[in-house]
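Participant: Data file target-v8.cif (mmCIF, C-alpha atoms) is appended below.
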data_input
loop_
_atom_site.label_atom_id
_atom_site.label_comp_id
_atom_site.auth_asym_id
_atom_site.auth_seq_id
_atom_site.Cartn_x
_atom_site.Cartn_y
_atom_site.Cartn_z
CA MET A 579 87.80 83.85 32.89
CA GLY A 580 91.06 82.11 33.77
CA LEU A 581 91.58 78.74 32.14
CA PRO A 582 92.84 75.89 34.32
CA TRP A 583 94.70 74.20 31.47
CA LYS A 584 95.86 74.49 27.90
CA TRP A 585 92.79 73.63 25.91
CA ARG A 586 94.01 72.64 22.47
CA THR A 587 96.29 69.83 21.41
CA ASP A 588 98.57 69.93 18.37
CA PRO A 589 97.18 72.20 15.65
CA VAL A 590 95.60 69.40 13.63
CA PRO A 591 92.48 70.65 11.84
CA PRO A 592 89.26 69.03 13.09
CA PRO A 593 87.62 66.39 10.87
CA GLU A 594 85.53 67.72 8.04
CA ARG A 595 81.94 68.33 9.17
CA ARG A 596 79.07 66.97 7.17
CA LEU A 597 76.54 69.11 5.38
CA SER A 598 73.59 70.14 7.54
CA ALA A 599 70.03 71.14 6.86
CA ALA A 600 69.65 74.86 7.66
CA GLY A 601 66.58 77.07 7.92
CA PRO A 602 63.75 74.94 9.33
CA ARG A 603 66.28 72.06 9.57
CA ARG A 604 63.80 69.32 8.74
CA ARG A 605 65.46 67.23 6.05
CA ASN A 606 63.43 64.32 4.71
CA SER A 607 65.00 60.98 5.64
CA ILE A 608 64.71 59.83 2.00
CA GLU A 609 66.76 62.83 0.95
CA LEU A 610 69.33 61.95 3.59
CA CYS A 611 69.62 58.37 2.32
CA ALA A 612 70.33 59.78 -1.13
CA LEU A 613 73.57 61.31 0.13
CA ASN A 614 76.28 59.09 -1.29
CA SER A 615 79.26 60.22 0.73
CA ALA A 616 80.90 57.71 3.03
CA GLN A 617 80.72 60.23 5.85
CA ALA A 618 76.94 60.57 5.60
CA HIS A 619 76.49 56.79 5.55
CA SER A 620 78.81 56.43 8.52
CA ARG A 621 76.90 59.05 10.50
CA MET A 622 73.52 57.54 9.82
CA ALA A 623 74.81 54.09 10.71
CA CYS A 624 75.96 55.44 14.05
CA ILE A 625 72.62 57.15 14.70
CA VAL A 626 70.61 54.06 13.73
CA LYS A 627 72.83 51.94 15.93
CA LYS A 628 72.17 54.18 18.92
CA ILE A 629 68.44 54.13 18.35
CA CYS A 630 68.49 50.36 17.99
CA VAL A 631 70.44 49.99 21.23
CA ILE A 632 67.77 52.03 23.01
CA ALA A 633 65.02 49.94 21.47
CA VAL A 634 66.63 46.58 22.23
CA GLY A 635 67.30 47.56 25.82
CA ALA A 636 63.70 48.60 26.24
CA PHE A 637 62.49 45.37 24.63
CA LEU A 638 64.51 43.22 27.00
CA ALA A 639 63.36 45.18 30.04
CA PHE A 640 59.74 45.88 29.26
CA GLY A 641 58.67 43.84 26.26
CA LEU A 642 57.38 44.63 22.81
CA ALA A 643 55.04 47.49 23.81
CA ALA A 644 57.79 49.36 25.64
CA ARG A 645 60.11 48.86 22.67
CA ALA A 646 57.63 50.54 20.34
CA GLU A 647 57.14 53.38 22.79
CA VAL A 648 60.86 54.05 23.13
CA VAL A 649 61.50 53.95 19.38
CA SER A 650 58.67 56.41 18.77
CA GLY A 651 60.10 58.48 21.62
CA VAL A 652 63.11 59.58 19.56
CA SER A 653 62.29 63.18 18.80
CA ILE A 654 65.46 64.81 17.44
CA VAL A 655 68.83 63.65 16.14
CA VAL A 656 71.73 66.09 16.52
CA ASN A 657 74.84 64.78 14.80
CA GLU A 658 75.41 61.40 16.53
CA ASP A 659 73.22 62.17 19.56
CA VAL A 660 69.50 61.70 20.08
CA ILE A 661 67.05 63.76 22.12
CA THR A 662 64.02 61.79 23.27
CA ARG A 663 60.56 63.10 23.97
CA GLY A 664 61.12 62.07 27.55
CA GLU A 665 64.10 64.43 27.83
CA ILE A 666 62.03 67.25 26.41
CA MET A 667 59.14 66.62 28.77
CA ASP A 668 61.52 66.53 31.75
CA LYS A 669 62.41 70.11 30.84
CA VAL A 670 58.85 71.19 30.05
CA ALA A 671 57.01 69.59 32.98
CA PRO A 672 58.16 71.99 35.74
CA ARG A 673 56.61 74.89 33.81
CA MET A 674 53.27 73.26 33.12
CA GLN A 675 51.77 73.70 36.59
CA MET A 676 52.59 77.40 36.58
CA LEU A 677 51.11 77.86 33.11
CA TYR A 678 47.96 75.98 34.08
CA SER A 679 47.48 78.11 37.18
CA MET A 680 47.80 81.24 35.03
CA TYR A 681 45.61 80.19 32.09
CA ALA A 682 43.29 77.51 33.50
CA SER A 683 40.24 79.48 32.38
CA ASP A 684 41.59 80.11 28.86
CA GLU A 685 42.33 76.78 27.19
CA GLN A 686 43.38 78.36 23.91
CA ARG A 687 45.91 80.65 25.61
CA PHE A 688 47.15 77.75 27.75
CA GLU A 689 47.81 75.61 24.67
CA ALA A 690 49.60 78.49 22.94
CA GLU A 691 51.83 79.16 25.94
CA LYS A 692 52.50 75.45 26.37
CA ARG A 693 53.65 75.27 22.76
CA LYS A 694 55.98 78.23 23.30
CA VAL A 695 57.55 76.55 26.32
CA TYR A 696 57.88 73.26 24.46
CA ASP A 697 59.54 74.89 21.44
CA GLN A 698 61.87 76.89 23.68
CA GLN A 699 63.02 73.81 25.58
CA VAL A 700 63.50 71.88 22.33
CA GLU A 701 65.76 74.58 20.93
CA GLU A 702 67.74 74.83 24.18
CA LEU A 703 68.37 71.07 24.12
CA VAL A 704 69.41 71.21 20.46
CA GLU A 705 71.75 74.13 21.15
CA ARG A 706 73.31 72.23 24.04
CA LYS A 707 73.98 69.20 21.83
CA LEU A 708 75.47 71.42 19.11
CA ILE A 709 77.82 73.08 21.60
CA LEU A 710 78.93 69.80 23.16
CA HIS A 711 79.56 68.38 19.67
CA GLU A 712 81.64 71.43 18.76
CA PHE A 713 83.75 70.92 21.87
CA THR A 714 84.26 67.22 21.10
CA MET A 715 85.16 67.81 17.45
CA GLY A 716 87.28 70.88 18.12
CA GLY A 717 90.38 69.11 19.38
CA PHE A 718 90.05 70.33 22.96
CA MET A 719 92.01 68.49 25.61
CA THR A 720 89.89 66.45 28.01
CA ASN A 721 92.36 64.80 30.38
CA VAL A 722 92.82 67.88 32.54
CA LEU A 723 89.11 68.67 32.14
CA GLU A 724 88.17 65.42 33.87
CA SER A 725 90.44 66.24 36.80
CA PHE A 726 89.01 69.74 36.96
CA ILE A 727 85.42 68.44 37.06
CA ASP A 728 86.33 66.03 39.87
CA ASP A 729 87.79 68.93 41.84
CA GLN A 730 84.69 71.04 41.17
CA ILE A 731 82.39 68.28 42.42
CA LYS A 732 84.48 68.01 45.59
CA LYS A 733 83.95 71.74 46.12
CA ASN A 734 80.21 71.31 45.51
CA ILE A 735 80.06 68.54 48.10
CA GLN A 736 81.97 70.63 50.60
CA ARG A 737 79.74 73.65 50.02
CA ASP A 738 76.31 72.07 49.60
CA TYR A 739 76.52 68.74 51.41
CA TYR A 740 78.77 69.51 54.39
CA GLY A 741 81.60 67.54 52.80
CA ASP A 742 79.54 64.34 52.92
CA ARG A 743 79.61 62.46 49.60
CA ALA A 744 77.03 59.99 50.89
CA ARG A 745 74.62 62.87 51.45
CA LEU A 746 75.06 63.87 47.79
CA ILE A 747 74.40 60.30 46.63
CA LYS A 748 71.26 60.09 48.76
CA THR A 749 69.98 63.41 47.37
CA LEU A 750 70.64 62.25 43.80
CA GLN A 751 68.80 58.98 44.39
CA ALA A 752 65.78 60.93 45.62
CA GLN A 753 65.89 62.85 42.34
CA GLY A 754 66.18 59.68 40.26
CA MET A 755 69.82 60.34 39.35
CA THR A 756 73.04 58.38 39.72
CA TYR A 757 76.41 59.89 40.56
CA GLU A 758 77.56 59.21 37.00
CA MET A 759 74.58 61.15 35.64
CA TYR A 760 75.35 64.02 38.01
CA ARG A 761 79.01 64.08 37.01
CA ARG A 762 78.13 64.05 33.31
CA GLN A 763 75.72 66.93 33.90
CA GLU A 764 78.38 68.94 35.71
CA ARG A 765 80.86 68.24 32.93
CA GLU A 766 78.45 69.29 30.21
CA ASN A 767 77.43 72.43 32.11
CA PHE A 768 81.05 73.47 32.38
CA ILE A 769 81.70 72.86 28.69
CA VAL A 770 78.60 74.80 27.62
CA ASN A 771 79.51 77.72 29.89
CA TYR A 772 83.12 77.75 28.75
CA MET A 773 82.24 77.59 25.06
CA GLY A 774 79.66 80.33 25.55
CA TYR A 775 82.25 82.54 27.21
CA GLN A 776 84.73 82.01 24.40
CA ASN A 777 82.24 82.64 21.61
CA VAL A 778 79.84 85.18 23.12
CA ASP A 779 80.58 86.58 26.56
CA ALA A 780 84.30 87.35 26.43
CA PRO A 781 84.76 91.11 27.11
CA LYS A 782 86.68 91.57 23.86
CA LYS A 783 83.58 90.42 21.95
CA ILE A 784 81.12 92.86 23.54
CA LEU A 785 82.28 96.44 23.30
CA ILE A 786 79.77 99.27 23.51
CA SER A 787 81.14 102.60 22.33
CA PRO A 788 80.10 105.95 23.86
CA LEU A 789 78.76 106.91 20.44
CA LYS A 790 76.34 103.95 20.45
CA ILE A 791 75.12 104.89 23.91
CA GLU A 792 74.52 108.50 22.88
CA GLN A 793 72.70 107.46 19.71
CA PHE A 794 70.46 105.06 21.64
CA TYR A 795 69.62 107.85 24.08
CA LYS A 796 68.64 110.19 21.23
CA ASP A 797 66.54 107.52 19.50
CA HIS A 798 64.63 106.42 22.62
CA GLN A 799 63.73 109.56 24.50
CA ASP A 800 60.35 108.20 25.55
CA ALA A 801 62.08 105.39 27.43
CA PHE A 802 63.73 107.92 29.75
CA LYS A 803 60.65 109.87 30.75
CA VAL A 804 60.13 109.96 34.51
CA ASP A 805 56.91 110.89 36.29
CA ASP A 806 56.73 113.16 39.33
CA GLN A 807 58.97 111.85 42.09
CA VAL A 808 59.62 112.44 45.76
CA LYS A 809 62.66 111.51 47.79
CA VAL A 810 61.09 110.04 50.88
CA ARG A 811 61.71 108.45 54.26
CA MET A 812 59.01 106.40 55.89
CA ILE A 813 58.27 105.06 59.35
CA VAL A 814 56.04 101.98 59.39
CA ILE A 815 54.45 100.72 62.61
CA ASN A 816 52.70 97.41 61.95
CA GLN A 817 49.51 96.58 63.78
CA PRO A 818 50.36 93.54 65.98
CA PRO A 819 48.22 90.52 64.97
CA ASP A 820 47.30 89.81 68.58
CA GLY A 821 47.45 93.42 69.77
CA SER A 822 44.57 95.59 70.85
CA PRO A 823 42.96 97.94 68.30
CA GLY A 824 44.74 101.26 68.13
CA GLU A 825 48.03 99.96 69.55
CA ALA A 826 50.00 100.84 66.39
CA LYS A 827 48.35 104.29 66.29
CA LYS A 828 49.34 104.97 69.89
CA THR A 829 52.99 104.12 69.17
CA ALA A 830 52.99 106.19 65.97
CA ASP A 831 51.53 109.20 67.80
CA GLU A 832 54.33 109.02 70.38
CA ILE A 833 56.94 108.87 67.59
CA LEU A 834 55.33 111.84 65.82
CA THR A 835 55.43 113.86 69.04
CA LYS A 836 59.18 113.31 69.33
CA ILE A 837 59.71 114.25 65.67
CA ASN A 838 57.72 117.44 66.19
CA SER A 839 59.89 118.24 69.19
CA GLY A 840 63.01 118.14 67.04
CA VAL A 841 64.26 114.55 67.11
CA PRO A 842 65.58 113.73 63.61
CA PHE A 843 63.17 111.68 61.51
CA ALA A 844 65.95 109.30 60.39
CA GLU A 845 66.91 108.65 64.00
CA MET A 846 63.37 107.68 64.94
CA ALA A 847 63.03 105.52 61.84
CA SER A 848 66.27 103.67 62.62
CA VAL A 849 64.80 102.70 66.01
CA TYR A 850 61.10 102.13 65.38
CA THR A 851 60.25 101.44 61.75
CA SER A 852 59.45 97.91 60.64
CA GLY A 853 61.07 96.25 57.65
CA SER A 854 64.47 96.14 55.98
CA LYS A 855 64.86 99.94 55.73
CA ARG A 856 65.38 100.42 59.47
CA SER A 857 69.18 100.43 59.16
CA GLU A 858 68.87 103.14 56.50
CA GLY A 859 66.70 105.41 58.62
CA GLY A 860 63.60 104.56 56.60
CA GLU A 861 65.04 105.99 53.39
CA ARG A 862 63.27 104.88 50.20
CA GLY A 863 65.11 107.10 47.73
CA TRP A 864 63.42 108.66 44.72
CA VAL A 865 60.03 107.05 44.07
CA GLU A 866 57.02 107.64 41.84
CA ARG A 867 53.34 107.52 42.71
CA SER A 868 53.11 103.87 41.73
CA TYR A 869 55.46 102.98 44.59
CA PHE A 870 52.84 103.79 47.21
CA LYS A 871 49.37 102.62 48.07
CA SER A 872 46.91 105.21 46.87
CA GLU A 873 46.30 106.62 50.39
CA LEU A 874 50.02 107.13 50.93
CA ALA A 875 50.65 108.51 47.44
CA GLN A 876 48.02 111.20 47.97
CA VAL A 877 49.80 112.38 51.12
CA ALA A 878 53.37 112.05 49.83
CA PHE A 879 52.76 114.14 46.71
CA SER A 880 50.94 116.85 48.65
CA LEU A 881 53.96 117.55 50.86
CA LYS A 882 56.69 120.06 50.06
CA ALA A 883 60.41 119.35 50.40
CA GLY A 884 61.33 119.10 54.08
CA GLN A 885 57.77 118.47 55.32
CA HIS A 886 56.58 115.36 57.12
CA SER A 887 53.08 113.97 57.39
CA GLY A 888 50.95 113.17 60.37
CA VAL A 889 50.09 109.60 61.28
CA ILE A 890 48.41 107.82 58.38
CA GLU A 891 46.38 104.94 59.78
CA LEU A 892 45.60 101.98 57.52
CA PRO A 893 44.24 98.57 58.54
CA GLU A 894 47.60 96.82 58.49
CA ALA A 895 49.89 99.58 59.83
CA CYS A 896 50.41 103.24 60.63
CA TYR A 897 52.74 105.38 58.51
CA ILE A 898 54.63 108.64 58.89
CA LEU A 899 56.25 110.12 55.77
CA LEU A 900 59.06 112.65 55.35
CA VAL A 901 59.54 114.19 51.91
CA GLU A 902 63.17 115.30 51.65
CA ASP A 903 62.98 116.57 48.08
CA VAL A 904 60.57 116.87 45.15
CA ARG A 905 61.33 116.33 41.49
CA PRO A 906 58.74 117.08 38.78
CA ALA A 907 58.25 114.88 35.72
CA HIS A 908 61.27 115.05 33.41
CA ILE A 909 63.46 113.15 30.98
CA LYS A 910 66.44 111.51 32.63
CA SER A 911 69.76 112.92 31.52
CA LEU A 912 72.27 110.95 29.47
CA ALA A 913 74.55 110.79 32.51
CA GLU A 914 71.75 109.25 34.61
CA SER A 915 70.84 106.81 31.85
CA ARG A 916 74.27 105.78 30.61
CA ASP A 917 74.67 102.63 32.75
CA ASP A 918 71.18 101.38 31.93
CA ILE A 919 71.70 101.97 28.22
CA GLU A 920 75.02 100.16 28.26
CA ARG A 921 73.44 97.14 29.98
CA THR A 922 70.64 97.11 27.40
CA LEU A 923 73.04 97.30 24.46
CA LYS A 924 75.28 94.60 25.93
CA THR A 925 72.31 92.29 26.33
CA ARG A 926 71.26 92.89 22.73
CA GLU A 927 74.80 92.32 21.45
CA ARG A 928 75.14 89.17 23.53
CA ASP A 929 71.88 87.83 22.07
CA ARG A 930 73.04 88.66 18.55
CA LEU A 931 76.40 86.95 19.00
CA HIS A 932 74.77 83.90 20.57
CA LYS A 933 72.29 83.54 17.72
CA GLN A 934 75.05 84.00 15.15
CA TRP A 935 77.23 81.38 16.86
CA ILE A 936 74.45 78.77 17.09
CA GLU A 937 73.57 79.29 13.43
CA ARG A 938 77.21 78.64 12.49
CA LEU A 939 77.07 75.39 14.45
CA ARG A 940 73.82 74.38 12.75
CA VAL A 941 75.25 74.95 9.27
CA LYS A 942 78.03 72.44 9.83
CA SER A 943 75.95 69.92 11.77
CA PHE A 944 73.19 67.43 11.08
CA VAL A 945 69.87 68.11 12.84
CA GLN A 946 66.82 65.97 12.11
CA TYR A 947 63.41 66.52 13.74
CA TYR A 948 60.89 63.64 13.91
#
Go ahead and render the structure in this file as structure tokens.
Facilitator:
Amino acid sequence: MGLPWKWRTDPVPPPERRLSAAGPRRRNSIELCALNSAQAHSRMACIVKKICVIAVGAFLAFGLAARAEVVSGVSIVVNEDVITRGEIMDKVAPRMQMLYSMYASDEQRFEAEKRKVYDQQVEELVERKLILHEFTMGGFMTNVLESFIDDQIKKNIQRDYYGDRARLIKTLQAQGMTYEMYRRQERENFIVNYMGYQNVDAPKKILISPLKIEQFYKDHQDAFKVDDQVKVRMIVINQPPDGSPGEAKKTADEILTKINSGVPFAEMASVYTSGSKRSEGGERGWVERSYFKSELAQVAFSLKAGQHSGVIELPEACYILLVEDVRPAHIKSLAESRDDIERTLKTRERDRLHKQWIERLRVKSFVQYY
């Protein structure tokens, strides 16, 4: 990832970070008050000030009841920043309808899944605050960053809003956002992505050796078992919604007659088959029984290499299959599996590095859950 500017200023070490609660990270506020360092008192004063500003603003706008609601709405403090319950629910809400549709008949399961989503969103918000704090405290330059973000937003407007800034503003208003909120979000997204690249995703940090790939292959043989497969081409003639009964069958019979007379199957498929595989001559590659509907699977796995079926008529369409090759159940070779194994190991290593990085940030930060 090329960097658009020199990130660090003079090599002045960042300010000393205060001690953080690790593990469950729920330090009692009385214990916190007992800390006698000037830094701890300064931090808490800043946090209390922010919370009070939120409360006073709410009081002026909505009265005493709203003030109480906003104060109780503070859910988490991360260093000098607060995360409100409202912010958490904004992240959780889009998932709730989907969860309800899946588990409406099982209240206990619904509540359990809802809790998982809630906890996941909480941790993602905390991680984001930790990363942004690390960027701020790390001595990174910001003057060129601001210019870069402005340029990026211009590109976004050109790409997504036909170059019309007013269209962007109107869209943001419909979403309950201001331009300043949008810009801050873009800025934070860039910082989080950049810091993640530097600490987790940089190629030099994720190296998977051939020895690791081979060992994984030996240790997970069951994962590379493959059922019986056929390499197949397929012609699909859909039954027209407003067509007469048997219309698709008539067309399929005509196609089959031409195939039987020697016209290549792929050529007929490239002209007549429905769907996205027309340009590929109906080729589906190597597939297992689970790929097909049961009626088609029965036919496909009864054919020998080089044989084609007759017309298979189902309510929605007529099918003609050509089996180009047959492959019995087997264990995929290391050569076939190498790319998949490497992707799996990279994902695991990326997760490990990410977890390790976030834990380092937690250790030197203050996180308080309410």
Participant: Out of A:Ile747, A:Glu766, A:Val700, A:Lys732, which residue has the shortest atom-to-atom distance to A:Thr714 when counting all atoms listed in the file?
Facilitator: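 Among the listed residues, A:Glu766 lies closest to A:Thr714.
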Participant: Could you tell me how far atom CA of A:Lys924 lies from atom CA of A:Asn767, in Å and to one decimal?
Facilitator: 23.1 Å
Participant: Could you list the residues chosen by the PyMOL selection byres ((chain A and resi 928) around 10) in this structure as a PyMOL selection string?
Facilitator: chain A and resi 777-780+783-784+922-927+929-934
Participant: Output C-alpha atoms for every residue in the selection just made, as a compact mmCIF listing (two decimals), in the coordinates of the input.
Facilitator:
# COMPACT_ATOMS: atom_id res chain seq x y z
CA ASN A 777 82.24 82.64 21.61
CA VAL A 778 79.84 85.18 23.12
CA ASP A 779 80.58 86.58 26.56
CA ALA A 780 84.30 87.35 26.43
CA LYS A 783 83.58 90.42 21.95
CA ILE A 784 81.12 92.86 23.54
CA THR A 922 70.64 97.11 27.40
CA LEU A 923 73.04 97.30 24.46
CA LYS A 924 75.28 94.60 25.93
CA THR A 925 72.31 92.29 26.33
CA ARG A 926 71.26 92.89 22.73
CA GLU A 927 74.80 92.32 21.45
CA ASP A 929 71.88 87.83 22.07
CA ARG A 930 73.04 88.66 18.55
CA LEU A 931 76.40 86.95 19.00
CA HIS A 932 74.77 83.90 20.57
CA LYS A 933 72.29 83.54 17.72
CA GLN A 934 75.05 84.00 15.15
Participant: What would the selection look like, as a ChimeraX atom specification, if the PyMOL selection byres ((chain A and resi 890) around 12) were run on the coordinates I just shared?
Facilitator: /A:812-816,826-828,830-831,834,871-878,886-889,891-899
Participant: Keeping only C-alpha atoms, take the residues you just selected and write them out as an mmCIF file, keeping the file's coordinate frame.
Facilitator:
data_model
loop_
_atom_site.group_PDB
_atom_site.id
_atom_site.type_symbol
_atom_site.label_atom_id
_atom_site.label_comp_id
_atom_site.auth_asym_id
_atom_site.auth_seq_id
_atom_site.Cartn_x
_atom_site.Cartn_y
_atom_site.Cartn_z
ATOM 1 C CA MET A 812 59.010 106.400 55.890
ATOM 2 C CA ILE A 813 58.270 105.060 59.350
ATOM 3 C CA VAL A 814 56.040 101.980 59.390
ATOM 4 C CA ILE A 815 54.450 100.720 62.610
ATOM 5 C CA ASN A 816 52.700 97.410 61.950
ATOM 6 C CA ALA A 826 50.000 100.840 66.390
ATOM 7 C CA LYS A 827 48.350 104.290 66.290
ATOM 8 C CA LYS A 828 49.340 104.970 69.890
ATOM 9 C CA ALA A 830 52.990 106.190 65.970
ATOM 10 C CA ASP A 831 51.530 109.200 67.800
ATOM 11 C CA LEU A 834 55.330 111.840 65.820
ATOM 12 C CA LYS A 871 49.370 102.620 48.070
ATOM 13 C CA SER A 872 46.910 105.210 46.870
ATOM 14 C CA GLU A 873 46.300 106.620 50.390
ATOM 15 C CA LEU A 874 50.020 107.130 50.930
ATOM 16 C CA ALA A 875 50.650 108.510 47.440
ATOM 17 C CA GLN A 876 48.020 111.200 47.970
ATOM 18 C CA VAL A 877 49.800 112.380 51.120
ATOM 19 C CA ALA A 878 53.370 112.050 49.830
ATOM 20 C CA HIS A 886 56.580 115.360 57.120
ATOM 21 C CA SER A 887 53.080 113.970 57.390
ATOM 22 C CA GLY A 888 50.950 113.170 60.370
ATOM 23 C CA VAL A 889 50.090 109.600 61.280
ATOM 24 C CA GLU A 891 46.380 104.940 59.780
ATOM 25 C CA LEU A 892 45.600 101.980 57.520
ATOM 26 C CA PRO A 893 44.240 98.570 58.540
ATOM 27 C CA GLU A 894 47.600 96.820 58.490
ATOM 28 C CA ALA A 895 49.890 99.580 59.830
ATOM 29 C CA CYS A 896 50.410 103.240 60.630
ATOM 30 C CA TYR A 897 52.740 105.380 58.510
ATOM 31 C CA ILE A 898 54.630 108.640 58.890
ATOM 32 C CA LEU A 899 56.250 110.120 55.770
#
Participant: Would you mind reading off the distance between atom CA of A:Val770 and atom CA of A:Leu785, one decimal, in Å?
Facilitator: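 Taking atom CA of A:Val770 as the start and atom CA of A:Leu785 as the end point, the length is 22.4 Å.
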Participant: Calculated over all atoms listed in the file, which of the candidates A:Lys782, A:Gly824, A:Arg765, A:Leu703 has the smallest distance to A:Thr662?
Facilitator: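 Closest candidate: A:Leu703.
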Participant: Which residues match the PyMOL selection byres ((chain A and resi 712) around 10) in the file above, as a VMD selection string?
Facilitator: chain A and resid 592 706 to 711 713 to 718 770 773 939 942 to 943
Participant: Mind writing the picked residues with C-alpha atoms as an mmCIF file, keeping the file's coordinate frame?
Facilitator:
data_model
loop_
_atom_site.group_PDB
_atom_site.id
_atom_site.type_symbol
_atom_site.label_atom_id
_atom_site.label_comp_id
_atom_site.auth_asym_id
_atom_site.auth_seq_id
_atom_site.Cartn_x
_atom_site.Cartn_y
_atom_site.Cartn_z
ATOM 1 C CA PRO A 592 89.260 69.030 13.090
ATOM 2 C CA ARG A 706 73.310 72.230 24.040
ATOM 3 C CA LYS A 707 73.980 69.200 21.830
ATOM 4 C CA LEU A 708 75.470 71.420 19.110
ATOM 5 C CA ILE A 709 77.820 73.080 21.600
ATOM 6 C CA LEU A 710 78.930 69.800 23.160
ATOM 7 C CA HIS A 711 79.560 68.380 19.670
ATOM 8 C CA PHE A 713 83.750 70.920 21.870
ATOM 9 C CA THR A 714 84.260 67.220 21.100
ATOM 10 C CA MET A 715 85.160 67.810 17.450
ATOM 11 C CA GLY A 716 87.280 70.880 18.120
ATOM 12 C CA GLY A 717 90.380 69.110 19.380
ATOM 13 C CA PHE A 718 90.050 70.330 22.960
ATOM 14 C CA VAL A 770 78.600 74.800 27.620
ATOM 15 C CA MET A 773 82.240 77.590 25.060
ATOM 16 C CA LEU A 939 77.070 75.390 14.450
ATOM 17 C CA LYS A 942 78.030 72.440 9.830
ATOM 18 C CA SER A 943 75.950 69.920 11.770
#
Participant: Enclose all atoms of stretch 869-873 of chain A listed in the file in an axis-aligned box, grow every side by 4 Å, and hand back centre and edge lengths in Å to one decimal, as AutoDock Vina command-line options.
Facilitator:
--center_x 50.9 --center_y 104.6 --center_z 47.5 --size_x 17.2 --size_y 12.0 --size_z 13.8
Participant: Report, in Å to a single decimal, how far apart atom CA of A:Ser852 and atom CA of A:Gly884 are.
Facilitator: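 About the pair atom CA of A:Gly884 and atom CA of A:Ser852: they are 22.3 Å apart.
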Participant: Rank A:Arg737, A:Arg693, A:His908, A:Lys882 by their smallest atom-to-atom distance to A:Asp800, using all atoms listed in the file, and report the top residue only.
Facilitator: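 Closest candidate: A:His908.
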Participant: Using all atoms listed in the file, which protein or nucleic acid residues come within 12 Å of stretch 913-915 of chain A? Drop anything in the same chain fewer than 6 positions from it, and give the result as a PyMOL selection string.
Facilitator: chain A and resi 788+791-792+794-796+798-799+801-804+921-922
Participant: Please determine, counting only C-alpha atoms, which residue among A:Ser848, A:Ser787, A:Asn771, A:Gln807 has the shortest atom-to-atom distance to A:Val904.
Facilitator: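 Going through A:Ser848, A:Ser787, A:Asn771, A:Gln807 one by one, the smallest distance to A:Val904 is for A:Gln807.
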Participant: Considering only C-alpha atoms, state which residue in the set A:Ser857, A:Thr829, A:Gln793, A:Ser679 is at the smallest distance from A:Arg916.
Facilitator: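 Between A:Ser857, A:Thr829, A:Gln793, A:Ser679, the residue approaching A:Arg916 most closely is A:Gln793.
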Participant: Have a look at A:Lys748, A:Gly664, A:Leu912, A:Glu758 and name the one nearest to A:Asp797; count all atoms listed in the file.
Facilitator: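 Using all atoms listed in the file, the shortest distance to A:Asp797 belongs to A:Leu912.
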Participant: Write out as a list in words the residues lying within 12 Å of A:Phe688, counting all atoms listed in the file and excluding same-chain residues fewer than 3 positions away.
Facilitator: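 Everything that qualifies: Arg673, Met674, Gln675, Met676, Leu677, Tyr678, Ser679, Met680, Tyr681, Ala682, Ser683, Asp684, Glu685, Glu691, Lys692, Arg693, Lys694 and Val695 of chain A.
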Participant: Set the distance at 12 Å and use all atoms listed in the file: which residues neighbour A:Glu858 once local chain neighbours fewer than 6 positions away are removed? I'd like the list as a PDB file with C-alpha atoms, in the coordinates of the input.
Facilitator:
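Printed below is out_15.pdb as written:
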ATOM      1  CA  VAL A 810      61.090 110.040  50.880  1.00  0.00           C
ATOM      2  CA  ARG A 811      61.710 108.450  54.260  1.00  0.00           C
ATOM      3  CA  MET A 812      59.010 106.400  55.890  1.00  0.00           C
ATOM      4  CA  ILE A 813      58.270 105.060  59.350  1.00  0.00           C
ATOM      5  CA  PHE A 843      63.170 111.680  61.510  1.00  0.00           C
ATOM      6  CA  ALA A 844      65.950 109.300  60.390  1.00  0.00           C
ATOM      7  CA  GLU A 845      66.910 108.650  64.000  1.00  0.00           C
ATOM      8  CA  MET A 846      63.370 107.680  64.940  1.00  0.00           C
ATOM      9  CA  ALA A 847      63.030 105.520  61.840  1.00  0.00           C
ATOM     10  CA  SER A 848      66.270 103.670  62.620  1.00  0.00           C
ATOM     11  CA  VAL A 849      64.800 102.700  66.010  1.00  0.00           C
ATOM     12  CA  TYR A 850      61.100 102.130  65.380  1.00  0.00           C
ATOM     13  CA  THR A 851      60.250 101.440  61.750  1.00  0.00           C
ATOM     14  CA  SER A 852      59.450  97.910  60.640  1.00  0.00           C
TER      15      SER A 852
END
Participant: Can stretch 748-753 of chain A be brought up to N, CA and C atoms and written out as a PDB file, keeping the file's coordinate frame?
Facilitator:
ATOM      1  N   LYS A 748      72.632  60.276  48.286  1.00  0.00           N
ATOM      2  CA  LYS A 748      71.260  60.090  48.760  1.00  0.00           C
ATOM      3  C   LYS A 748      70.324  61.110  48.113  1.00  0.00           C
ATOM      4  N   THR A 749      70.785  62.360  48.005  1.00  0.00           N
ATOM      5  CA  THR A 749      69.980  63.410  47.370  1.00  0.00           C
ATOM      6  C   THR A 749      69.740  63.080  45.897  1.00  0.00           C
ATOM      7  N   LEU A 750      70.777  62.605  45.212  1.00  0.00           N
ATOM      8  CA  LEU A 750      70.640  62.250  43.800  1.00  0.00           C
ATOM      9  C   LEU A 750      69.659  61.099  43.616  1.00  0.00           C
ATOM     10  N   GLN A 751      69.723  60.115  44.482  1.00  0.00           N
ATOM     11  CA  GLN A 751      68.800  58.980  44.390  1.00  0.00           C
ATOM     12  C   GLN A 751      67.355  59.439  44.539  1.00  0.00           C
ATOM     13  N   ALA A 752      67.134  60.396  45.436  1.00  0.00           N
ATOM     14  CA  ALA A 752      65.780  60.930  45.620  1.00  0.00           C
ATOM     15  C   ALA A 752      65.295  61.648  44.375  1.00  0.00           C
ATOM     16  N   GLN A 753      66.235  62.146  43.568  1.00  0.00           N
ATOM     17  CA  GLN A 753      65.890  62.850  42.340  1.00  0.00           C
ATOM     18  C   GLN A 753      65.905  61.927  41.127  1.00  0.00           C
TER      19      GLN A 753
END
